[in-house]
There are 2 protein chains.
Amino acid sequence: MAKSEQGITIKKEENISDWYEQVCLKSELVEFSKVKGTMVIRPRGYAIWQAIQDYFNEKINKPLGVKNAYFPLFIPESFFQKEAEHAKGFTPEVAWIDRELTKDGERLAIRPTSETIMYDSYSRWIRSYRDLPLKINQWCNIVRWETNATKLFLRSREFLWQEGHCVYETEKECEEDTLRVIKHYKKLVEELLAMPVLIGKKSEKEKFAGAKHTYTIEAFMPDGKALQSGTSHNLGQGFAKAFGISFLGRDEKKTLPYQNSWGISTRLIGGTVMLHSDNKGLVLPPKIADEKLVIIPLIFKDSKEKILKKAKEIYKELEKFNPILDDSEEYSPGWKYSNWELKGIPLRIELGPRDLEKKQVIVVKRNTGEKLIIKIEKLKSEIPKILEQIQKDMFEKAKEILDSKIKEIKNWKEFEKAIKNKDIAKINWCDTTECEINIKDKTGASTRCIPLEQEKVSGVCPHCGKPAKVIMYFSKSY
Amino acid sequence: MAKSEQGITIKKEENISDWYEQVCLKSELVEFSKVKGTMVIRPRGYAIWQAIQDYFNEKINKPLGVKNAYFPLFIPESFFQKEAEHAKGFTPEVAWIDRELTKDGERLAIRPTSETIMYDSYSRWIRSYRDLPLKINQWCNIVRWETNATKLFLRSREFLWQEGHCVYETEKECEEDTLRVIKHYKKLVEELLAMPVLIGKKSEKEKFAGAKHTYTIEAFMPDGKALQSGTSHNLGQGFAKAFGISFLGRDEKKTLPYQNSWGISTRLIGGTVMLHSDNKGLVLPPKIADEKLVIIPLIFKDSKEKILKKAKEIYKELEKFNPILDDSEEYSPGWKYSNWELKGIPLRIELGPRDLEKKQVIVVKRNTGEKLIIKIEKLKSEIPKILEQIQKDMFEKAKEILDSKIKEIKNWKEFEKAIKNKDIAKINWCDTTECEINIKDKTGASTRCIPLEQEKVSGVCPHCGKPAKVIMYFSKSY
């Protein structure tokens, strides 16, 4: 294959959308399936999802007492209709199964989210305050019949996610856990994916259909668009009422419980790719890279045997980093470098005859291209430190960019300029849906979140002039 | 709740089918969903599936080089039709999605198995012998529109499984891995689930639709019915041909590769429950029990404080066994014993005032009811040994029963008697589909497998009198 075909042919700064698609496809994370709107998550992509699963299970299972379970893919039509707002929010994008299969009963939907089928079970499982809290999570596939263009990982008719659904005796416990989870999401996304996020509360208009309020983490892509990356909904008592979930309280009275639900999806993979990758291809934070390094021996006729022997020794010694040994002889070192850069392997180890003489190797960082000379005997102890440093540097670089994009806005002119410049406008806002809709119409920017750590609010809304009630971030979004 | 409502009210030996359903439901492993034919896998049941996933991933990922991935839920109709036998085998039970959603294109099926959609991708991914072997596995949900009555875990319209799909350069590698996997399945089922199985090859009639041949592991339930528990199919080159998968061989010629596929499902949970459980409820092999023990302090007024303090100490010390501390005061110890026996907790630790004085506890094994007196200071080191012994004893007991059921059959009369007695008939068989169909019609028994370790074949088929060609096991089956 020619180098030009192999590599990324579109510049990130010129056409981020096409560049992103090329990176996803050519790094072999994912491909379009023959079924419109769906994707095949290839092993390199699925390994990232597994890393997310492992990390998150560890945080929620024992520490939060959440148990994993599995609920049916199919949901009866009547279930949706029990909670009016929820039905309104999801009905347009529900995929139904062939009516022939269910002609003796009601229509069945393929789950676009599982609140309704889970809460039907909960209404049987919960009898007394002793059954609470009930904390259940499921990892599963979700179908939403999107009509907009498919974007790999970011918008597709089927995706993978986790959805947590908990029930509490008191409003206080419920709200505490709702917040705890959104903070866990922030930690996961920042620690594992090196993707800094804003954390906060959604506006009334943008909250989940049927929720009391929604917390969100919002990442920002290089094109100035926000990517909602995880949400945690305080559902109050609305679903409990709609699904007949009640319990005998400590006072022996029938009581409505409080609920929350929360989720993250394979969309996170897309955000990570778009944020960190460059014009050479994929850049992955080391913690989620399945193969953390590639060893490339520089093969010359007279030293071949010695070099290959040492390369194999190094391969063996570094086994726990799941290394690749690229000792094929049909491609040049340059071709190999490009290939593994494209695929996003965090470290490249080059071993040539002169290195061998000096008992050293060249270690090249994928994120910066920086070259380090490392003694072979020190490799095993140095590699973890280098990987850790890359992880840290990637996060900090992204955090600096994010911070520099947040503009404290005083008037409408500044607001328009910020959105035009692909920045994030932070304003003292009136907190009305009417104003929100008007701003969106005029600028394309939507509300992202009211920061969790609420700051002092002052003055008037730069758009409508009404007294400001909250701080709100605005930007364009995916 | 009265004890009679709480416990199992049907005897295993009297009506195994109803008893089984009660055990599944009352031990809270699973429940029927409101959607006909589907089930909710509750946390206690899902924990078993997670244990199976963890065990199997560890065996296949690094050692066999299999990578996990995820392919779409939806499969275009035309994909099925590419392989004729396969289409014939699956079409009757395929669930389609609403035609309205795909009116501009072809009908979409909800995957009943993923050969066809995976091999479409493989046809693009595989170019050269350097791309082989390609070894991919996915854990996912599967839909088959069963019309027979739903049996929890054993037969339902949706279930969870893993499906491995590999492609090889040579027939030899393909066959070796096909066998390797069925042997891994045997090990998993025997080591983890304490469920002994026969291992062998399916008859021509019973092999997978489109396969060259199918290997199987077959467990036997207490009602004399076999439960096919895992299969590994050598697909030969048929699918490669149908899906246009070819590669440039070492000789630079276009070559057809060899393929296999293999799977186990949540059906394994059902087999484990049915095999080991008793009239008190669930019995689980310790290795798959999420909570391995329950501590029950015997609370009396004057010693309450001391007992509870010690019980908590023990709870803390045994934390890694994920213990339950049942120190509620509203139920009697007897009620608690029954409750945790019903739920299948492998060990019960009783701590009363006299035990405390003697610095000991009573440890009761769920599988046999055997009571052991153990010094508290030795608990931490003794518990793992006791759990291991239970695991071993459960397997050996089941193995003895299985061995005793296998009857070496010489003539037709013996055959009929064996099937009537719910035994397994082992015969020297003619290996013809005609004979197989006739035997099934007359006795209800079907072929299970030709043992992997082929024994000497002699004489004639006890049914049709033709010369015997293979050893074959016959029995009724699920």
# chains A, B, ... in the order shown; residues from 1 in each chain; ligands from 1

$ residues_around --residues "Phe220 (chain B)" --least-positions-apart "3" --cutoff "9 Å" --atoms "only C-alpha atoms" --output "VMD selection string"
chain B and resid 195 to 198 223 to 228 271 275 402 424 477

$ residues_around --residues "Ala289 (chain A)" --least-positions-apart "6" --cutoff "8 Å" --atoms "only C-alpha atoms" --output "PyMOL selection string"
chain A and resi 47-48+344-346

$ write_last_selection --atoms "N, CA, C and O atoms" --output "PDB file, in the first residue's frame"
ATOM      1  N   ALA A  47     -11.643  -2.437  22.816  1.00  0.00           N
ATOM      2  CA  ALA A  47     -10.725  -2.497  23.961  1.00  0.00           C
ATOM      3  C   ALA A  47     -10.865  -1.237  24.817  1.00  0.00           C
ATOM      4  O   ALA A  47     -10.746  -1.291  26.044  1.00  0.00           O
ATOM      5  N   ILE A  48     -11.133  -0.105  24.172  1.00  0.00           N
ATOM      6  CA  ILE A  48     -11.328   1.142  24.921  1.00  0.00           C
ATOM      7  C   ILE A  48     -12.607   1.057  25.753  1.00  0.00           C
ATOM      8  O   ILE A  48     -12.639   1.433  26.917  1.00  0.00           O
ATOM      9  N   GLY A 344      -2.137   4.858  16.679  1.00  0.00           N
ATOM     10  CA  GLY A 344      -2.226   5.445  18.018  1.00  0.00           C
ATOM     11  C   GLY A 344      -1.502   4.682  19.120  1.00  0.00           C
ATOM     12  O   GLY A 344      -1.902   4.766  20.287  1.00  0.00           O
ATOM     13  N   ILE A 345      -0.447   3.943  18.788  1.00  0.00           N
ATOM     14  CA  ILE A 345       0.316   3.263  19.844  1.00  0.00           C
ATOM     15  C   ILE A 345       1.111   4.335  20.614  1.00  0.00           C
ATOM     16  O   ILE A 345       1.889   5.079  20.000  1.00  0.00           O
ATOM     17  N   PRO A 346       0.943   4.442  21.920  1.00  0.00           N
ATOM     18  CA  PRO A 346       1.519   5.561  22.679  1.00  0.00           C
ATOM     19  C   PRO A 346       3.040   5.679  22.604  1.00  0.00           C
ATOM     20  O   PRO A 346       3.569   6.783  22.581  1.00  0.00           O
TER      21      PRO A 346
END

$ closest_atom_pairs --of "chain A" --to "chain B" --cutoff "8 Å" --atoms "only C-alpha atoms" --output "CSV"
residue,atom,partner,partner_atom,distance
A:Ser33,CA,B:Pro72,CA,7.3
A:Lys34,CA,B:Pro76,CA,7.9
A:Val35,CA,B:Pro76,CA,6.8
A:Thr38,CA,B:Pro72,CA,6.4
A:Met39,CA,B:Pro72,CA,6.4
A:Val40,CA,B:Phe71,CA,4.7
A:Ile41,CA,B:Tyr70,CA,5.0
A:Arg42,CA,B:Ala69,CA,5.2
A:Pro43,CA,B:Ala69,CA,4.7
A:Gly45,CA,B:Ala69,CA,7.7
A:Tyr46,CA,B:Ala69,CA,5.2
A:Ala47,CA,B:Asn68,CA,7.3
A:Lys67,CA,B:Pro43,CA,5.8
A:Asn68,CA,B:Pro43,CA,5.6
A:Ala69,CA,B:Pro43,CA,4.7
A:Tyr70,CA,B:Ile41,CA,5.0
A:Phe71,CA,B:Val40,CA,4.7
A:Pro72,CA,B:Val40,CA,6.2
A:Leu73,CA,B:Glu158,CA,7.7
A:Phe74,CA,B:Val35,CA,7.0
A:Ile75,CA,B:Val35,CA,7.0
A:Pro76,CA,B:Val35,CA,6.8
A:Ala95,CA,B:Leu101,CA,7.3
A:Trp96,CA,B:Asp98,CA,5.5
A:Ile97,CA,B:Ile97,CA,4.0
A:Asp98,CA,B:Asp98,CA,4.0
A:Arg99,CA,B:Asp98,CA,6.6
A:Leu101,CA,B:Ala95,CA,7.3
A:Ser121,CA,B:Ser33,CA,7.8
A:Ile136,CA,B:Pro43,CA,7.7
A:Glu158,CA,B:Pro72,CA,7.3

$ write_last_selection --atoms "N, CA, C and O atoms" --output "tab-separated table (two decimals), in the first residue's frame"
chain	number	residue	atom	x	y	z
A	33	SER	N	-21.19	-0.13	9.15
A	33	SER	CA	-21.77	-1.42	8.78
A	33	SER	C	-22.61	-1.22	7.53
A	33	SER	O	-22.95	-0.09	7.17
A	34	LYS	N	-22.97	-2.32	6.89
A	34	LYS	CA	-23.82	-2.25	5.71
A	34	LYS	C	-25.23	-1.77	6.08
A	34	LYS	O	-25.99	-1.36	5.22
A	35	VAL	N	-25.55	-1.87	7.37
A	35	VAL	CA	-26.87	-1.42	7.81
A	35	VAL	C	-26.78	0.06	8.12
A	35	VAL	O	-26.05	0.47	9.02
A	38	THR	N	-25.58	2.22	11.45
A	38	THR	CA	-24.94	1.41	12.50
A	38	THR	C	-23.45	1.24	12.21
A	38	THR	O	-22.99	1.50	11.10
A	39	MET	N	-22.73	0.80	13.22
A	39	MET	CA	-21.27	0.67	13.08
A	39	MET	C	-20.79	-0.65	13.67
A	39	MET	O	-21.44	-1.25	14.51
A	40	VAL	N	-19.63	-1.07	13.20
A	40	VAL	CA	-18.94	-2.23	13.76
A	40	VAL	C	-17.83	-1.69	14.65
A	40	VAL	O	-16.95	-0.97	14.17
A	41	ILE	N	-17.88	-2.01	15.93
A	41	ILE	CA	-16.80	-1.59	16.83
A	41	ILE	C	-15.73	-2.66	16.79
A	41	ILE	O	-15.93	-3.77	17.27
A	42	ARG	N	-14.61	-2.33	16.14
A	42	ARG	CA	-13.55	-3.31	15.92
A	42	ARG	C	-12.74	-3.53	17.20
A	42	ARG	O	-12.85	-2.74	18.16
A	43	PRO	N	-11.92	-4.58	17.26
A	43	PRO	CA	-11.20	-4.88	18.51
A	43	PRO	C	-10.45	-3.69	19.12
A	43	PRO	O	-10.51	-3.48	20.32
A	45	GLY	N	-11.19	-0.58	18.98
A	45	GLY	CA	-12.17	0.32	19.58
A	45	GLY	C	-12.84	-0.30	20.79
A	45	GLY	O	-13.04	0.35	21.81
A	46	TYR	N	-13.15	-1.59	20.67
A	46	TYR	CA	-13.85	-2.26	21.77
A	46	TYR	C	-12.96	-2.35	23.01
A	46	TYR	O	-13.47	-2.30	24.14
A	47	ALA	N	-11.64	-2.44	22.82
A	47	ALA	CA	-10.73	-2.50	23.96
A	47	ALA	C	-10.87	-1.24	24.82
A	47	ALA	O	-10.75	-1.29	26.04
A	67	LYS	N	-25.36	-3.09	41.75
A	67	LYS	CA	-25.24	-4.44	41.18
A	67	LYS	C	-25.60	-4.41	39.70
A	67	LYS	O	-26.57	-3.75	39.32
A	68	ASN	N	-24.89	-5.16	38.90
A	68	ASN	CA	-25.21	-5.25	37.48
A	68	ASN	C	-26.31	-6.28	37.23
A	68	ASN	O	-26.43	-7.27	37.96
A	69	ALA	N	-27.12	-6.03	36.23
A	69	ALA	CA	-28.22	-6.94	35.87
A	69	ALA	C	-28.50	-6.79	34.38
A	69	ALA	O	-27.78	-6.06	33.69
A	70	TYR	N	-29.52	-7.52	33.88
A	70	TYR	CA	-29.87	-7.38	32.47
A	70	TYR	C	-31.38	-7.45	32.26
A	70	TYR	O	-32.03	-8.43	32.65
A	71	PHE	N	-31.92	-6.41	31.64
A	71	PHE	CA	-33.35	-6.31	31.36
A	71	PHE	C	-33.60	-6.49	29.87
A	71	PHE	O	-32.71	-6.26	29.06
A	72	PRO	N	-34.84	-6.89	29.50
A	72	PRO	CA	-35.12	-7.21	28.09
A	72	PRO	C	-34.89	-6.05	27.11
A	72	PRO	O	-35.06	-4.88	27.46
A	73	LEU	N	-34.55	-6.44	25.90
A	73	LEU	CA	-34.37	-5.52	24.78
A	73	LEU	C	-35.71	-4.89	24.35
A	73	LEU	O	-35.75	-3.80	23.82
A	74	PHE	N	-36.80	-5.62	24.59
A	74	PHE	CA	-38.11	-5.19	24.09
A	74	PHE	C	-38.94	-4.53	25.20
A	74	PHE	O	-38.99	-5.04	26.32
A	75	ILE	N	-39.62	-3.46	24.82
A	75	ILE	CA	-40.44	-2.71	25.78
A	75	ILE	C	-41.84	-2.52	25.22
A	75	ILE	O	-42.00	-2.02	24.11
A	76	PRO	N	-42.87	-2.91	25.99
A	76	PRO	CA	-44.24	-2.74	25.50
A	76	PRO	C	-44.59	-1.26	25.35
A	76	PRO	O	-44.18	-0.44	26.17
A	95	ALA	N	-37.54	2.53	17.58
A	95	ALA	CA	-37.67	1.51	16.52
A	95	ALA	C	-38.57	0.40	17.06
A	95	ALA	O	-38.35	-0.12	18.15
A	96	TRP	N	-39.58	0.07	16.28
A	96	TRP	CA	-40.53	-0.97	16.70
A	96	TRP	C	-40.21	-2.27	15.97
A	96	TRP	O	-39.61	-2.26	14.91
A	97	ILE	N	-40.67	-3.39	16.55
A	97	ILE	CA	-40.45	-4.63	15.82
A	97	ILE	C	-41.68	-4.96	14.97
A	97	ILE	O	-42.75	-4.38	15.16
A	98	ASP	N	-41.47	-5.83	14.03
A	98	ASP	CA	-42.49	-6.18	13.04
A	98	ASP	C	-43.82	-6.52	13.73
A	98	ASP	O	-43.87	-7.39	14.60
A	99	ARG	N	-44.86	-5.83	13.31
A	99	ARG	CA	-46.18	-5.99	13.94
A	99	ARG	C	-46.70	-7.43	13.85
A	99	ARG	O	-47.47	-7.88	14.70
A	101	LEU	N	-45.23	-10.10	14.48
A	101	LEU	CA	-44.73	-10.92	15.59
A	101	LEU	C	-45.57	-10.75	16.85
A	101	LEU	O	-45.55	-11.59	17.74
A	121	SER	N	-40.40	-3.79	36.85
A	121	SER	CA	-39.89	-4.81	37.77
A	121	SER	C	-39.75	-4.25	39.19
A	121	SER	O	-40.11	-4.90	40.17
A	136	ILE	N	-29.19	-0.59	40.72
A	136	ILE	CA	-28.95	-1.54	39.64
A	136	ILE	C	-28.40	-0.82	38.39
A	136	ILE	O	-28.79	0.30	38.09
A	158	GLU	N	-27.54	2.50	16.64
A	158	GLU	CA	-27.29	1.58	17.76
A	158	GLU	C	-25.99	2.01	18.42
A	158	GLU	O	-25.04	2.37	17.74

$ residues_around --residues "Glu190 (chain A)" --least-positions-apart "5" --cutoff "12 Å" --atoms "only C-alpha atoms" --output "list in words"
Ile52, Lys183, His184, Tyr185, Met195, Pro196, Val197, Leu198, Ile199, Ile217, Glu218, Ala219, Ser229, Leu268, Gly271, Thr272, Pro285, Lys287, Gln391, Lys392, Asp393, Met394, Phe395, Glu396, Ala398 and Lys399 of chain A

$ residues_around --residues "Thr255 (chain B)" --least-positions-apart "6" --cutoff "10 Å" --atoms "only C-alpha atoms" --output "mmCIF file with all heavy atoms, in the first residue's frame"
data_model
loop_
_atom_site.group_PDB
_atom_site.id
_atom_site.type_symbol
_atom_site.label_atom_id
_atom_site.label_comp_id
_atom_site.auth_asym_id
_atom_site.auth_seq_id
_atom_site.Cartn_x
_atom_site.Cartn_y
_atom_site.Cartn_z
ATOM 1 N N ARG B 127 -7.057 -9.577 3.447
ATOM 2 C CA ARG B 127 -6.509 -9.366 2.110
ATOM 3 C C ARG B 127 -5.394 -10.376 1.822
ATOM 4 O O ARG B 127 -5.284 -10.882 0.721
ATOM 5 C CB ARG B 127 -5.912 -7.949 2.011
ATOM 6 C CG ARG B 127 -6.934 -6.842 2.008
ATOM 7 C CD ARG B 127 -7.417 -6.563 0.589
ATOM 8 N NE ARG B 127 -8.645 -5.768 0.576
ATOM 9 C CZ ARG B 127 -9.871 -6.286 0.506
ATOM 10 N NH1 ARG B 127 -10.066 -7.572 0.434
ATOM 11 N NH2 ARG B 127 -10.940 -5.496 0.491
ATOM 12 N N SER B 128 -4.580 -10.601 2.850
ATOM 13 C CA SER B 128 -3.361 -11.385 2.647
ATOM 14 C C SER B 128 -3.232 -12.423 3.769
ATOM 15 O O SER B 128 -3.883 -12.316 4.810
ATOM 16 C CB SER B 128 -2.163 -10.428 2.659
ATOM 17 O OG SER B 128 -1.067 -10.964 3.340
ATOM 18 N N TYR B 129 -2.380 -13.398 3.566
ATOM 19 C CA TYR B 129 -2.155 -14.399 4.620
ATOM 20 C C TYR B 129 -1.632 -13.733 5.891
ATOM 21 O O TYR B 129 -1.756 -14.285 6.980
ATOM 22 C CB TYR B 129 -1.175 -15.485 4.135
ATOM 23 C CG TYR B 129 0.249 -15.000 3.926
ATOM 24 C CD1 TYR B 129 1.169 -15.046 4.982
ATOM 25 C CD2 TYR B 129 0.656 -14.480 2.701
ATOM 26 C CE1 TYR B 129 2.469 -14.581 4.797
ATOM 27 C CE2 TYR B 129 1.937 -14.011 2.512
ATOM 28 C CZ TYR B 129 2.850 -14.059 3.566
ATOM 29 O OH TYR B 129 4.123 -13.594 3.403
ATOM 30 N N GLU B 169 -5.670 -19.628 7.855
ATOM 31 C CA GLU B 169 -5.037 -19.885 6.572
ATOM 32 C C GLU B 169 -5.175 -21.360 6.196
ATOM 33 O O GLU B 169 -5.393 -21.697 5.030
ATOM 34 C CB GLU B 169 -3.554 -19.483 6.690
ATOM 35 C CG GLU B 169 -2.822 -19.374 5.395
ATOM 36 C CD GLU B 169 -1.346 -19.005 5.609
ATOM 37 O OE1 GLU B 169 -0.972 -18.585 6.726
ATOM 38 O OE2 GLU B 169 -0.571 -19.166 4.652
ATOM 39 N N ALA B 240 -16.857 -18.705 3.767
ATOM 40 C CA ALA B 240 -15.859 -17.880 3.064
ATOM 41 C C ALA B 240 -16.263 -17.715 1.603
ATOM 42 O O ALA B 240 -16.225 -16.619 1.043
ATOM 43 C CB ALA B 240 -14.477 -18.520 3.173
ATOM 44 N N ILE B 245 -14.883 -14.133 1.183
ATOM 45 C CA ILE B 245 -13.672 -13.924 1.983
ATOM 46 C C ILE B 245 -12.550 -14.716 1.326
ATOM 47 O O ILE B 245 -12.628 -15.939 1.218
ATOM 48 C CB ILE B 245 -13.843 -14.427 3.428
ATOM 49 C CG1 ILE B 245 -15.115 -13.834 4.048
ATOM 50 C CG2 ILE B 245 -12.621 -14.088 4.278
ATOM 51 C CD1 ILE B 245 -15.427 -14.371 5.437
ATOM 52 N N SER B 246 -11.519 -14.021 0.872
ATOM 53 C CA SER B 246 -10.380 -14.730 0.301
ATOM 54 C C SER B 246 -9.127 -13.949 0.620
ATOM 55 O O SER B 246 -9.195 -12.791 1.030
ATOM 56 C CB SER B 246 -10.536 -14.889 -1.201
ATOM 57 O OG SER B 246 -10.442 -13.623 -1.812
ATOM 58 N N PHE B 247 -7.981 -14.594 0.460
ATOM 59 C CA PHE B 247 -6.726 -13.899 0.757
ATOM 60 C C PHE B 247 -5.659 -14.308 -0.255
ATOM 61 O O PHE B 247 -5.750 -15.359 -0.882
ATOM 62 C CB PHE B 247 -6.263 -14.201 2.187
ATOM 63 C CG PHE B 247 -5.915 -15.645 2.431
ATOM 64 C CD1 PHE B 247 -4.585 -16.078 2.377
ATOM 65 C CD2 PHE B 247 -6.894 -16.585 2.721
ATOM 66 C CE1 PHE B 247 -4.258 -17.410 2.608
ATOM 67 C CE2 PHE B 247 -6.576 -17.921 2.951
ATOM 68 C CZ PHE B 247 -5.255 -18.335 2.887
ATOM 69 N N LEU B 248 -4.673 -13.426 -0.380
ATOM 70 C CA LEU B 248 -3.541 -13.711 -1.233
ATOM 71 C C LEU B 248 -2.590 -14.587 -0.439
ATOM 72 O O LEU B 248 -2.036 -14.156 0.574
ATOM 73 C CB LEU B 248 -2.859 -12.393 -1.622
ATOM 74 C CG LEU B 248 -2.204 -12.377 -3.002
ATOM 75 C CD1 LEU B 248 -3.226 -12.633 -4.100
ATOM 76 C CD2 LEU B 248 -1.501 -11.042 -3.216
ATOM 77 N N GLY B 249 -2.444 -15.839 -0.885
ATOM 78 C CA GLY B 249 -1.654 -16.799 -0.121
ATOM 79 C C GLY B 249 -0.154 -16.566 -0.255
ATOM 80 O O GLY B 249 0.293 -15.675 -0.993
#

$ select_by_dssp --residues "region 21-206 of chain A" --states "strand (DSSP E)" --output "MDAnalysis selection string"
chainID A and resid 30:32 39:41 67:68 74:76 95:96 108:110 134:143 158:168 198:201

$ residues_around --residues "Tyr315 (chain B)" --least-positions-apart "4" --cutoff "8 Å" --atoms "only C-alpha atoms" --output "number ranges by chain"
B: 295, 311, 319, 323-325

$ residues_around --residues "Ile16 (chain B)" --least-positions-apart "6" --cutoff "12 Å" --atoms "only C-alpha atoms" --output "PyMOL selection string"
chain B and resi 8-10+22-23+221-225+273-275+277-279

$ atom_distance --atom1 "CA of Gly238 (chain B)" --atom2 "CA of Trp139 (chain B)"
24.3 Å

$ residues_around --residues "Leu308 (chain B)" --least-positions-apart "2" --cutoff "9 Å" --atoms "only C-alpha atoms" --output "PyMOL selection string"
chain B and resi 297-299+303-306+310-313+327

$ closest_residue --among "B:Ile390, B:Ala211, B:Val470, B:Ala149" --to "Asn428 (chain B)" --atoms "only C-alpha atoms"
B:Val470

$ decode --residues "region 243-248 of chain B" --atoms "all heavy atoms" --output "CSV table (one decimal), in the first residue's frame"
chain,number,residue,atom,x,y,z
B,243,PHE,N,-19.5,-15.5,1.3
B,243,PHE,CA,-19.3,-14.1,1.7
B,243,PHE,C,-18.1,-13.4,1.0
B,243,PHE,O,-17.7,-12.3,1.3
B,243,PHE,CB,-19.2,-13.9,3.2
B,243,PHE,CG,-20.6,-14.0,3.8
B,243,PHE,CD1,-21.1,-15.2,4.2
B,243,PHE,CD2,-21.3,-12.9,4.0
B,243,PHE,CE1,-22.4,-15.3,4.7
B,243,PHE,CE2,-22.6,-12.9,4.5
B,243,PHE,CZ,-23.1,-14.2,4.8
B,244,GLY,N,-17.5,-14.2,0.1
B,244,GLY,CA,-16.4,-13.6,-0.7
B,244,GLY,C,-15.2,-13.3,0.2
B,244,GLY,O,-14.5,-12.3,0.0
B,245,ILE,N,-14.9,-14.1,1.2
B,245,ILE,CA,-13.7,-13.9,2.0
B,245,ILE,C,-12.5,-14.7,1.3
B,245,ILE,O,-12.6,-15.9,1.2
B,245,ILE,CB,-13.8,-14.4,3.4
B,245,ILE,CG1,-15.1,-13.8,4.0
B,245,ILE,CG2,-12.6,-14.1,4.3
B,245,ILE,CD1,-15.4,-14.4,5.4
B,246,SER,N,-11.5,-14.0,0.9
B,246,SER,CA,-10.4,-14.7,0.3
B,246,SER,C,-9.1,-13.9,0.6
B,246,SER,O,-9.2,-12.8,1.0
B,246,SER,CB,-10.5,-14.9,-1.2
B,246,SER,OG,-10.4,-13.6,-1.8
B,247,PHE,N,-8.0,-14.6,0.5
B,247,PHE,CA,-6.7,-13.9,0.8
B,247,PHE,C,-5.7,-14.3,-0.3
B,247,PHE,O,-5.8,-15.4,-0.9
B,247,PHE,CB,-6.3,-14.2,2.2
B,247,PHE,CG,-5.9,-15.6,2.4
B,247,PHE,CD1,-4.6,-16.1,2.4
B,247,PHE,CD2,-6.9,-16.6,2.7
B,247,PHE,CE1,-4.3,-17.4,2.6
B,247,PHE,CE2,-6.6,-17.9,3.0
B,247,PHE,CZ,-5.3,-18.3,2.9
B,248,LEU,N,-4.7,-13.4,-0.4
B,248,LEU,CA,-3.5,-13.7,-1.2
B,248,LEU,C,-2.6,-14.6,-0.4
B,248,LEU,O,-2.0,-14.2,0.6
B,248,LEU,CB,-2.9,-12.4,-1.6
B,248,LEU,CG,-2.2,-12.4,-3.0
B,248,LEU,CD1,-3.2,-12.6,-4.1
B,248,LEU,CD2,-1.5,-11.0,-3.2
